[in-house]
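What follows is a set of notes on a single structure, which appears directly below.
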Amino acid sequence: MTDKRDYYEILGVSKDASAEDIKSAFRKLARQYHPDVNHEPDAEEKFKEINEAFAVLGDPDKRAAYDRYGFAGVSGNGSQWDATNIDPFEIFEQFFGFGGMGGSSRRRNSSPRRGEDLVTSLTLTFEEAFFGAEKDISITREEICQVCKGTGSEPGTSTKTCATCGGHGEVRQVRNTFLGSMVQVTTCPTCGGAGKVIEQPCHSCRGHGYETRTIHKTVPIPAGVDDGTQIRLAGEGQPGNNGGPRGNLYIKVGVRPHQYFRRKENDILVDLNINVSQAALGADIMAPTMQGETKLSIPAGTQSGRIFRLHGKGFPYVHSSNTGDLLVVINVEIPKRVSKEQRELFEKLAETLDSEVHPQEKSFMDKLKEVLGG
């Protein structure tokens with residue numbers, strides 16, 4: 001199937017369907033298209049599609065993410081869930097309590113399975129988030145045992161076929177159901193599904209084949225990441241089963257606040273104090289930016305709360321040449337104490353100014369929303 005269909009459409013339910021409606025639709029379709037019952041050429045693909053849809057819509061959190069973000073909310077690109085790595089036969093077994101009539105058990109036990117994902121966190125300074133950085137992290141995960149090279153056996157010894165399952169890795173029990181004779185398949189309790197047993201376990205990993213080690217890695221952090229960004233490192237998680245690939249490592253990024261700058265998406269806001277004369281007469285001042293100071297011309301009559309936009313001085317967009325802007329918010333600073341000479345000057349100035357007060361038409365927040373586009 002080349003085009004990915006909407007999950008609600010696959011199950012034939014509306015977007016406001018209840019959890020019970022979704023379960024009922026899944027039961028009906030899973031029974032209809034199970035490849036051990038339906039022998040049409042596309043039955044297995046439809047069965048996988050149905051199970052993938054139920055894996056998302058049958059989970060409240062995943063369903064909420066899908067409703068809000070669509071497939072991006074449940075894809076493997078940095079999101080919390082990955083609907084593409086679902087084992088449909090495993091879902092069928094968990095939901096109905098038994099496996100298929102022979103075929104599904106083989107897929108479940110012998111197919112390569114991707115390893116578990118790992119999650120770690122990393123805190124950046126405001127500057128590191130802006131410019132990008134290389135950060136050293138430490139993760140604890142399973143690595144192939146250096147003594148037995150992953151075999152689980154003590155060097156010089158070998159394995160033998162499991163007597164319980166005869167080397168199949170599973171134990172089967174036939175059950176009569178409405179679908180006909182179904183085989184309940186469970187992992188062999190003796191060999192754990194391997195089909196072989198270790199005569200003499202490795203003294204280092206105790207037969208596991210893996211040992212827990214702390215791995216140190218240097219991670220490139222792209223410029224422009226924000227607080228809450230999740231970075232995915234493919235293949236850096238736990239090892240897979242039956243030759244499957246490693247899981248992924250997800251790094252949750254936190255960013256410490258800056259002393260002066262604040263972030264609004266990819267724009268940066270900074271408050272800048274100027275004195276009364278600079279506001280009234282105008283002045284050329286030096287405004288701070290993340291790249292250093294830059295000249296800013298303050299026109300005569302500038303009011304407190306006025307916002308100046310410096311294009312291209314904001315955060316870069318991750319993996320893009322675009323950048324946000326720097327918004328300089330002007331605050332006209334009134335002196336708390338004045339000298340005798342300053343008081344005399346202000347008194348003379350007051351005689352020339354209108355003493356009537358007027359309500360302000362727009363608040364500072366209204367102006368800020370206009371500048372930021374709502």
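Order determines the names: the first chain of the structure tokens is A, the second B, and so forth; residues in each chain are numbered 1 upward, and ligands are numbered 1 upward as they are shown.
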Find the residues around stretch 144-156 of chain A up to 8 Å (only C-alpha atoms counted), leave out those fewer than 4 positions away in its own chain, and share them as a compact mmCIF listing (two decimals) with N, CA and C atoms, in the first residue's frame.
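Below you can see around_10.txt, which holds the result:
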```txt
# COMPACT_ATOMS: atom_id res chain seq x y z
N ILE A 198 22.19 -23.04 27.02
CA ILE A 198 23.62 -22.92 27.26
C ILE A 198 24.05 -23.91 28.33
N GLU A 199 25.03 -24.73 27.98
CA GLU A 199 25.50 -25.74 28.95
C GLU A 199 26.29 -25.09 30.08
N GLN A 200 27.14 -24.14 29.75
CA GLN A 200 27.94 -23.46 30.75
C GLN A 200 27.89 -21.95 30.48
N PRO A 201 27.07 -21.21 31.24
CA PRO A 201 26.92 -19.78 30.99
C PRO A 201 28.24 -19.03 31.17
N CYS A 202 28.39 -17.97 30.39
CA CYS A 202 29.55 -17.10 30.49
C CYS A 202 29.65 -16.50 31.89
N HIS A 203 30.83 -16.54 32.48
CA HIS A 203 31.00 -16.05 33.85
C HIS A 203 30.83 -14.54 33.95
N SER A 204 31.00 -13.83 32.80
CA SER A 204 30.91 -12.37 32.84
C SER A 204 29.48 -11.87 32.72
N CYS A 205 28.75 -12.38 31.71
CA CYS A 205 27.38 -11.91 31.49
C CYS A 205 26.33 -12.88 32.00
N ARG A 206 26.77 -14.01 32.57
CA ARG A 206 25.87 -15.03 33.13
C ARG A 206 24.90 -15.59 32.09
N GLY A 207 25.38 -15.70 30.86
CA GLY A 207 24.59 -16.33 29.80
C GLY A 207 23.72 -15.38 29.02
N HIS A 208 23.71 -14.14 29.39
CA HIS A 208 22.83 -13.17 28.73
C HIS A 208 23.36 -12.77 27.35
N GLY A 209 24.65 -12.76 27.18
CA GLY A 209 25.24 -12.35 25.91
C GLY A 209 25.53 -10.86 25.84
N TYR A 210 24.95 -10.13 26.77
CA TYR A 210 25.16 -8.68 26.84
C TYR A 210 25.54 -8.29 28.25
N GLU A 211 26.24 -7.20 28.37
CA GLU A 211 26.57 -6.67 29.68
C GLU A 211 26.30 -5.17 29.69
```
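Across the structure, atom CA of A:Leu118 and atom CA of A:Val225 are spaced 20.1 Å apart.
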Per DSSP on the backbone, what are the helix (DSSP H, G or I) residues of stretch 102-323 of chain A, as a PyMOL selection string? chain A and resi 103-110+126-131+276-281
Could you find all residues in stretch 121-203 of chain A that DSSP calls strand (DSSP E or B) from the backbone, and write them as a ChimeraX atom specification? /A:121-124,133-144,153,159-161,170-177,180-187,196-198,201
Go ahead and write the selection's residues with N, CA and C atoms as a compact mmCIF listing (two decimals), in the first residue's frame.
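So the final result, stored in result.txt, reads:
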```txt
# COMPACT_ATOMS: atom_id res chain seq x y z
N SER A 121 18.34 13.22 29.13
CA SER A 121 18.09 14.66 29.07
C SER A 121 19.41 15.42 29.03
N LEU A 122 19.32 16.65 28.53
CA LEU A 122 20.50 17.48 28.36
C LEU A 122 20.07 18.94 28.53
N THR A 123 20.81 19.68 29.36
CA THR A 123 20.49 21.08 29.60
C THR A 123 21.53 21.97 28.92
N LEU A 124 21.03 22.95 28.14
CA LEU A 124 21.90 23.86 27.41
C LEU A 124 21.78 25.27 27.97
N ALA A 133 26.05 23.49 19.53
CA ALA A 133 27.18 23.06 20.37
C ALA A 133 27.42 21.57 20.19
N GLU A 134 28.53 21.12 20.71
CA GLU A 134 28.79 19.69 20.84
C GLU A 134 28.84 19.38 22.32
N LYS A 135 28.00 18.45 22.74
CA LYS A 135 27.87 18.14 24.16
C LYS A 135 28.21 16.68 24.41
N ASP A 136 28.91 16.43 25.49
CA ASP A 136 29.25 15.06 25.89
C ASP A 136 28.14 14.51 26.78
N ILE A 137 27.67 13.31 26.45
CA ILE A 137 26.65 12.66 27.26
C ILE A 137 27.12 11.25 27.63
N SER A 138 26.52 10.71 28.67
CA SER A 138 26.81 9.34 29.10
C SER A 138 25.49 8.59 29.17
N ILE A 139 25.43 7.42 28.56
CA ILE A 139 24.24 6.59 28.61
C ILE A 139 24.62 5.18 29.05
N THR A 140 23.74 4.58 29.79
CA THR A 140 23.95 3.20 30.24
C THR A 140 23.05 2.29 29.41
N ARG A 141 23.65 1.35 28.70
CA ARG A 141 22.89 0.45 27.85
C ARG A 141 23.60 -0.90 27.78
N GLU A 142 22.95 -1.85 27.16
CA GLU A 142 23.53 -3.19 27.02
C GLU A 142 24.44 -3.23 25.79
N GLU A 143 25.62 -3.79 26.01
CA GLU A 143 26.59 -3.98 24.93
C GLU A 143 26.95 -5.46 24.86
N ILE A 144 27.40 -5.90 23.68
CA ILE A 144 27.79 -7.31 23.53
C ILE A 144 28.90 -7.64 24.52
N SER A 153 27.74 -18.21 26.11
CA SER A 153 28.43 -19.41 26.60
C SER A 153 29.84 -19.08 27.06
N THR A 159 26.39 -24.72 22.90
CA THR A 159 24.98 -24.82 23.30
C THR A 159 24.41 -26.15 22.79
N LYS A 160 23.25 -26.51 23.30
CA LYS A 160 22.58 -27.72 22.84
C LYS A 160 21.10 -27.41 22.58
N THR A 161 20.45 -28.24 21.77
CA THR A 161 19.04 -28.04 21.45
C THR A 161 18.19 -28.20 22.70
N GLU A 170 9.32 -22.33 21.18
CA GLU A 170 7.96 -22.06 21.62
C GLU A 170 7.23 -23.35 21.96
N VAL A 171 6.25 -23.20 22.80
CA VAL A 171 5.41 -24.33 23.20
C VAL A 171 4.00 -24.04 22.70
N ARG A 172 3.36 -25.03 22.07
CA ARG A 172 2.05 -24.82 21.44
C ARG A 172 0.97 -25.66 22.11
N GLN A 173 -0.25 -25.06 22.09
CA GLN A 173 -1.42 -25.75 22.62
C GLN A 173 -2.60 -25.44 21.71
N VAL A 174 -3.30 -26.46 21.18
CA VAL A 174 -4.41 -26.27 20.26
C VAL A 174 -5.67 -25.96 21.05
N ARG A 175 -6.40 -24.89 20.56
CA ARG A 175 -7.66 -24.50 21.18
C ARG A 175 -8.71 -24.38 20.09
N ASN A 176 -9.94 -24.80 20.40
CA ASN A 176 -11.06 -24.68 19.46
C ASN A 176 -11.79 -23.37 19.72
N THR A 177 -11.86 -22.50 18.69
CA THR A 177 -12.51 -21.19 18.84
C THR A 177 -13.48 -20.99 17.68
N GLY A 180 -12.12 -21.51 14.32
CA GLY A 180 -11.62 -22.84 14.03
C GLY A 180 -10.57 -23.24 15.04
N SER A 181 -9.75 -24.20 14.70
CA SER A 181 -8.69 -24.65 15.60
C SER A 181 -7.58 -23.61 15.61
N MET A 182 -7.36 -23.04 16.79
CA MET A 182 -6.33 -22.02 16.94
C MET A 182 -5.21 -22.57 17.82
N VAL A 183 -4.02 -22.15 17.54
CA VAL A 183 -2.87 -22.61 18.29
C VAL A 183 -2.42 -21.51 19.24
N GLN A 184 -2.49 -21.79 20.53
CA GLN A 184 -1.97 -20.84 21.52
C GLN A 184 -0.47 -21.11 21.66
N VAL A 185 0.29 -20.09 21.38
CA VAL A 185 1.74 -20.23 21.36
C VAL A 185 2.35 -19.39 22.46
N THR A 186 3.20 -20.01 23.25
CA THR A 186 3.91 -19.27 24.29
C THR A 186 5.41 -19.53 24.15
N THR A 187 6.19 -18.58 24.57
CA THR A 187 7.64 -18.73 24.53
C THR A 187 8.07 -19.86 25.45
N LYS A 196 17.75 -23.08 21.95
CA LYS A 196 18.95 -23.75 22.46
C LYS A 196 19.18 -23.35 23.91
N VAL A 197 19.86 -24.19 24.62
CA VAL A 197 20.21 -23.89 26.01
C VAL A 197 21.73 -23.91 26.16
N ILE A 198 22.19 -23.04 27.02
CA ILE A 198 23.62 -22.92 27.26
C ILE A 198 24.05 -23.91 28.33
N PRO A 201 27.07 -21.21 31.24
CA PRO A 201 26.92 -19.78 30.99
C PRO A 201 28.24 -19.03 31.17
```
Spatial neighbours of A:Ala30, max dist 8 Å, only C-alpha atoms, sep filter under 2 positions, as a PDB file with C-alpha atoms, in the first residue's frame:
```pdb
ATOM      1  CA  PHE A  26     -11.040  -3.733  15.474  1.00  0.00           C
ATOM      2  CA  ARG A  27     -12.377  -7.133  16.618  1.00  0.00           C
ATOM      3  CA  LYS A  28     -14.500  -7.472  13.531  1.00  0.00           C
ATOM      4  CA  GLN A  32     -11.936 -10.929   8.948  1.00  0.00           C
ATOM      5  CA  TYR A  33      -8.427 -10.217   7.648  1.00  0.00           C
ATOM      6  CA  HIS A  34      -6.215 -12.435   9.812  1.00  0.00           C
ATOM      7  CA  PHE A  47      -4.304  -6.994   8.730  1.00  0.00           C
ATOM      8  CA  ILE A  50      -5.842  -2.565  10.868  1.00  0.00           C
ATOM      9  CA  ASN A  51      -3.544  -3.392  13.767  1.00  0.00           C
ATOM     10  CA  PHE A  92      -3.689  -9.614  17.899  1.00  0.00           C
TER      11      PHE A  92
END
```
Find the nearest atom pair between each residue of stretch 166-229 of chain A and stretch 255-265 of chain A for residues within 9 Å, count only C-alpha atoms, give distances in Å to one decimal, sort rows by chain and ascending number, and present the table as JSON lines.
```
{"residue": "A:Val225", "atom": "CA", "partner": "A:Val255", "partner_atom": "CA", "distance": 8.7}
{"residue": "A:Asp226", "atom": "CA", "partner": "A:Val255", "partner_atom": "CA", "distance": 6.8}
{"residue": "A:Asp227", "atom": "CA", "partner": "A:Val255", "partner_atom": "CA", "distance": 4.9}
{"residue": "A:Gly228", "atom": "CA", "partner": "A:Val255", "partner_atom": "CA", "distance": 8.0}
```
Can you pull out every residue within 8 Å of A:Leu272, counting only C-alpha atoms, but drop anything in the same chain fewer than 2 positions away, and send it as an MDAnalysis selection string? chainID A and resid 270 274 287 328:331
For the residues in that selection, give me N, CA, C and O atoms as a CSV table (one decimal), in the first residue's frame.
```csv
chain,number,residue,atom,x,y,z
A,270,VAL,N,14.2,41.7,24.0
A,270,VAL,CA,15.0,42.2,25.1
A,270,VAL,C,14.5,43.6,25.4
A,270,VAL,O,14.1,44.4,24.6
A,274,ILE,N,16.1,53.5,28.2
A,274,ILE,CA,16.7,54.8,27.7
A,274,ILE,C,16.2,55.9,28.6
A,274,ILE,O,15.2,55.8,29.3
A,287,ALA,N,22.4,48.6,20.9
A,287,ALA,CA,21.5,47.6,21.4
A,287,ALA,C,22.2,46.2,21.5
A,287,ALA,O,22.9,45.8,20.5
A,328,VAL,N,13.4,44.7,20.2
A,328,VAL,CA,13.9,45.6,21.3
A,328,VAL,C,12.7,46.4,21.8
A,328,VAL,O,12.1,47.2,21.1
A,329,VAL,N,12.4,46.1,23.1
A,329,VAL,CA,11.3,46.8,23.8
A,329,VAL,C,11.8,48.0,24.6
A,329,VAL,O,12.6,47.8,25.5
A,330,ILE,N,11.4,49.2,24.2
A,330,ILE,CA,12.0,50.4,24.8
A,330,ILE,C,11.2,50.7,26.1
A,330,ILE,O,10.0,50.7,26.2
A,331,ASN,N,12.0,51.0,27.1
A,331,ASN,CA,11.4,51.5,28.4
A,331,ASN,C,12.1,52.8,28.7
A,331,ASN,O,13.3,52.9,28.9
```
